[in-house]
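work.txt (compact mmCIF, C-alpha atoms) appears below.
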# COMPACT_ATOMS: atom_id res chain seq x y z
CA MET W 227 15.41 -22.35 6.55
CA TRP W 228 16.80 -19.02 5.36
CA ARG W 229 13.94 -18.73 2.85
CA ALA W 230 11.34 -18.99 5.58
CA ILE W 231 13.09 -16.26 7.58
CA PHE W 232 13.41 -14.03 4.50
CA PHE W 233 9.74 -14.45 3.56
CA THR W 234 8.65 -13.82 7.16
CA ILE W 235 10.65 -10.58 7.30
CA LEU W 236 9.29 -9.56 3.89
CA PHE W 237 5.71 -10.27 4.96
CA PHE W 238 5.88 -8.32 8.22
CA SER W 239 7.74 -5.43 6.58
CA ALA W 240 5.05 -5.19 3.91
CA LEU W 241 2.31 -5.42 6.54
CA PHE W 242 3.95 -2.70 8.68
CA LEU W 243 4.38 -0.35 5.72
CA SER W 244 0.78 -0.95 4.63
CA VAL W 245 -0.55 -0.04 8.07
CA ILE W 246 1.57 3.12 8.13
CA GLU W 247 0.53 4.21 4.62
CA LEU W 248 -3.16 3.27 4.79
CA PRO W 249 -4.41 6.73 5.92
CA HIS W 250 -2.45 8.40 3.11
CA PHE W 251 -4.28 6.52 0.35
CA ASP W 252 -7.42 8.53 1.21
CA ASN W 253 -5.66 11.84 0.68
CA THR W 254 -4.10 10.79 -2.62
CA ILE W 255 -6.26 11.89 -5.54
CA ARG W 256 -7.14 8.69 -7.44
CA GLY W 257 -5.50 6.76 -4.58
CA LEU W 258 -7.70 3.75 -5.20
CA SER W 259 -6.45 3.62 -8.78
CA LEU W 260 -2.86 3.77 -7.49
CA PHE W 261 -3.60 0.98 -5.04
CA TYR W 262 -5.20 -1.38 -7.60
CA LYS W 263 -2.56 -0.71 -10.24
CA TRP W 264 0.36 -1.55 -7.94
CA PHE W 265 -1.55 -4.34 -6.18
CA PHE W 266 -1.90 -6.26 -9.42
CA ILE W 267 1.67 -5.42 -10.48
CA GLY W 268 2.78 -6.87 -7.12
CA ILE W 269 0.82 -10.07 -7.71
CA GLY W 270 2.15 -10.33 -11.27
CA THR W 271 5.72 -9.83 -10.05
CA ALA W 272 5.24 -12.53 -7.43
CA ILE W 273 3.88 -14.96 -10.02
CA ILE W 274 6.87 -14.28 -12.30
CA LEU W 275 9.30 -14.72 -9.39
CA VAL W 276 7.67 -17.99 -8.30
CA ALA W 277 7.84 -19.29 -11.88
CA ALA W 278 11.46 -18.12 -12.30
CA ILE W 279 12.67 -19.49 -8.97
CA LYS W 280 11.75 -23.11 -9.38
CA SER W 281 13.21 -23.93 -5.98
CA ILE W 282 10.13 -22.46 -4.26
CA ARG W 283 8.20 -25.69 -4.04
CA ASN W 284 6.46 -24.79 -0.84
CA HIS W 285 3.07 -23.35 -1.78
CA ILE W 286 2.84 -21.45 1.50
CA LEU W 287 6.04 -19.54 0.71
CA ALA W 288 4.71 -18.71 -2.75
CA LEU W 289 1.46 -17.46 -1.21
CA VAL W 290 3.37 -15.39 1.37
CA LEU W 291 5.41 -13.86 -1.48
CA MET W 292 2.22 -12.96 -3.38
CA ILE W 293 0.57 -11.40 -0.33
CA SER W 294 3.75 -9.56 0.64
CA LEU W 295 4.35 -8.02 -2.77
CA SER W 296 0.67 -7.17 -3.24
CA LEU W 297 0.85 -5.21 0.05
CA LEU W 298 4.37 -3.84 -0.39
CA PHE W 299 4.09 -2.41 -3.91
CA PRO W 300 1.04 -0.12 -3.37
CA SER W 301 2.34 1.09 -0.01
CA LEU W 302 5.84 1.73 -1.30
CA PHE W 303 4.57 3.63 -4.32
CA CYS W 304 2.13 5.67 -2.20
CA LEU W 305 5.00 6.55 0.16
CA THR W 306 7.37 7.60 -2.63
CA ASN W 307 4.60 9.55 -4.38
CA ARG W 308 3.81 11.43 -1.16
CA VAL W 309 7.37 12.10 0.04
CA PHE W 310 9.14 12.88 -3.25
CA TYR W 311 6.90 15.55 -4.77
CA SER W 312 7.81 17.96 -7.55
CA SER W 313 5.62 20.97 -6.77
CA GLU W 314 3.00 22.27 -4.37
CA ARG W 315 0.05 24.50 -5.18
CA MET W 316 -3.16 25.73 -3.58
CA GLU W 317 -6.31 24.38 -5.22
CA LYS W 318 -9.98 25.14 -4.60
CA PHE W 319 -12.35 22.17 -4.28
CA SER W 320 -16.13 21.91 -4.01
CA LEU W 321 -17.29 20.09 -0.89
CA VAL W 322 -19.72 17.34 -1.80
CA SER W 323 -20.42 15.93 1.67
CA LYS W 324 -18.97 15.21 5.08
CA ASP W 325 -19.06 12.09 7.20
CA MET W 326 -17.73 10.75 10.47
CA GLN W 327 -17.11 7.33 11.92
CA LEU W 328 -17.37 7.15 15.68
CA TYR W 329 -17.57 3.38 16.12
CA ARG W 330 -14.14 2.25 17.37
CA VAL W 331 -11.91 5.13 16.42
CA GLU W 332 -13.01 8.66 15.64
CA LYS W 333 -12.51 9.30 11.94
CA TYR W 334 -13.65 12.29 9.98
CA PHE W 335 -14.04 12.50 6.23
CA VAL W 336 -14.79 15.23 3.74
CA PHE W 337 -15.72 14.42 0.16
CA ILE W 338 -14.52 16.78 -2.54
CA GLU W 339 -15.21 16.93 -6.25
CA VAL W 340 -12.19 16.38 -8.51
CA ASP W 341 -12.70 16.26 -12.28
CA GLY W 342 -16.37 15.39 -11.85
CA ARG W 343 -15.61 12.54 -9.44
CA GLU W 344 -15.98 12.33 -5.69
CA GLU W 345 -12.78 11.83 -3.65
CA ARG W 346 -12.64 11.09 0.08
CA LEU W 347 -10.16 12.86 2.35
CA THR W 348 -9.37 11.80 5.91
CA VAL W 349 -9.22 14.88 8.14
CA ASP W 350 -8.91 15.65 11.83
CA ARG W 351 -11.77 16.82 14.05
CA ASP W 352 -10.84 20.52 13.96
CA PHE W 353 -10.68 20.59 10.17
CA PHE W 354 -14.01 18.74 10.00
CA LYS W 355 -15.66 21.34 12.28
CA GLU W 356 -14.22 24.19 10.19
CA THR W 357 -15.83 22.80 7.03
CA LEU W 358 -19.32 22.26 8.47
CA LEU W 359 -20.80 25.41 6.94
CA LYS W 360 -18.61 25.70 3.85
CA ASN W 361 -19.37 24.73 0.26
CA SER W 362 -15.79 24.91 -1.00
CA ILE W 363 -12.29 24.77 0.47
CA THR W 364 -8.80 25.67 -0.69
CA LEU W 365 -6.20 23.01 0.10
CA PRO W 366 -2.47 22.55 -0.54
CA VAL W 367 -1.91 19.89 -3.20
CA ARG W 368 1.42 18.29 -4.06
CA LYS W 369 2.23 16.75 -7.43
CA GLY W 370 3.68 13.40 -6.41
CA TYR W 371 6.66 11.60 -7.86
CA TRP W 372 4.46 9.10 -9.71
CA GLY W 373 2.09 11.79 -10.99
CA TYR W 374 -0.67 11.36 -8.42
CA ASP W 375 -1.78 14.50 -6.56
CA TYR W 376 -1.64 14.37 -2.79
CA VAL W 377 -3.74 16.67 -0.58
CA VAL W 378 -1.58 17.79 2.32
CA LEU W 379 -3.57 17.55 5.54
CA ASP W 380 -2.60 16.79 9.11
CA ILE W 381 -4.05 13.33 9.66
CA SER W 382 -2.08 12.56 12.81
CA CYS W 383 -5.15 13.14 14.99
CA ASN W 384 -7.01 10.14 13.58
Exercise: express the given structure as C-alpha cells:
Amino acid sequence: MWRAIFFTILFFSALFLSVIELPHFDNTIRGLSLFYKWFFIGIGTAIILVAAIKSIRNHILALVLMISLSLLFPSLFCLTNRVFYSSERMEKFSLVSKDMQLYRVEKYFVFIEVDGREERLTVDRDFFKETLLKNSITLPVRKGYWGYDYVVLDISCN
C-alpha cells in the first residue's frame, strides 16, 4: 500500500514540475538536447531501480516509476541549470524568423541563430512586437549550472 502512495506522489510531483518547467526548455540553448539526455537517463535509472528492487512485481508501478523519472529528471535538471547560474552576459543574436500561435493560448516565438543552428525562444507579446522590424537582438544569457546557456526573458505573459 505504501508503495502505491509513494509512486503516486512521485508521479504527480514529476508531472507538476514538468508543467512548470516546460516553457523554460524553449529558452535554454540546446534545451532539446538537455531534455533527451536526461529523459533517457531517467528511463535508464528507472530500469536499474526496477531490476534492483525485485519486490516491484506490479508492472504498473514499474511503468509509473519509468514515466515519473523520465519526466522528473529533465525538469529537475532544467530547473537547476536555470536557477543556479555561474555568470550572466549580454549576447547579440541574429533573428532568423518569428512566429505566433493564436489557437488556444497566445504564444509568441522568435527564432535565433546560435552556432549555425536555429533555436526557438518563447517571448511575450510586447517583446515580439519590438522585434518585428529587427534583424538582430541583444539578450541577457546566463551560463547555467549544467553548462547550458539560458536566455533570460520574461515569459510570464504566455
In the coordinate frame of the file, compute which residues have an atom within 10 Å of (-10.6, 13.0, 2.9) when using all atoms listed in the file, and state them as a PyMOL selection string. chain W and resi 249-255+324-325+333-338+345-350+354+377+379+381
Kindly indicate which residue among W:Glu332, W:Leu358, W:Phe233, W:Ala240 lies nearest to Leu289 in chain W, using only C-alpha atoms for the distances.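 Of W:Glu332, W:Leu358, W:Phe233, W:Ala240, the one nearest Leu289 in chain W is W:Phe233, counting only C-alpha atoms.
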Residue nearest Asn284 in chain W - candidates W:Trp372, W:Ala230, W:Arg351, W:Leu297, atoms counted: all atoms listed in the file: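 Ranking W:Trp372, W:Ala230, W:Arg351, W:Leu297 by distance to Asn284 in chain W, first place goes to W:Ala230.
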When distances are computed from only C-alpha atoms, which of W:Phe353, W:Tyr374, W:Phe242, W:Phe319 shows the smallest separation from Thr306 in chain W?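 Closest to Thr306 in chain W of all the choices is W:Tyr374.
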Hey, can you check how far CA of Phe261 in chain W sits from CA of Ile274 in chain W?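 Interatomic distance here is 19.9 Å.
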Between W:Ser239, W:Thr364, W:Ser296, W:Thr234, which is the closest to Glu317 in chain W once you count only C-alpha atoms?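 Of W:Ser239, W:Thr364, W:Ser296, W:Thr234, the one nearest Glu317 in chain W is W:Thr364, counting only C-alpha atoms.
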Could you tell me how far CA of Ile231 in chain W sits from CA of Ile267 in chain W, in Å to one decimal place? 24.0 Å
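For the pair CA of Val245 in chain W and CA of Ile269 in chain W, the separation is 18.7 Å.
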For Val378 in chain W, find every residue with an atom within 8 Å (counting all atoms listed in the file), except residues of its own chain fewer than 2 positions away, and show them as JSON, numbers by chain. {"W": [253, 365, 366, 367, 368, 376, 380]}
Residue nearest Asn361 in chain W - candidates W:Ser244, W:Ser301, W:Ser312, W:Ser320, atoms counted: only C-alpha atoms: W:Ser320
Best match for closeness to Ser294 in chain W among W:Leu321, W:Gly342, W:Thr271, W:Val331, counting only C-alpha atoms: W:Thr271
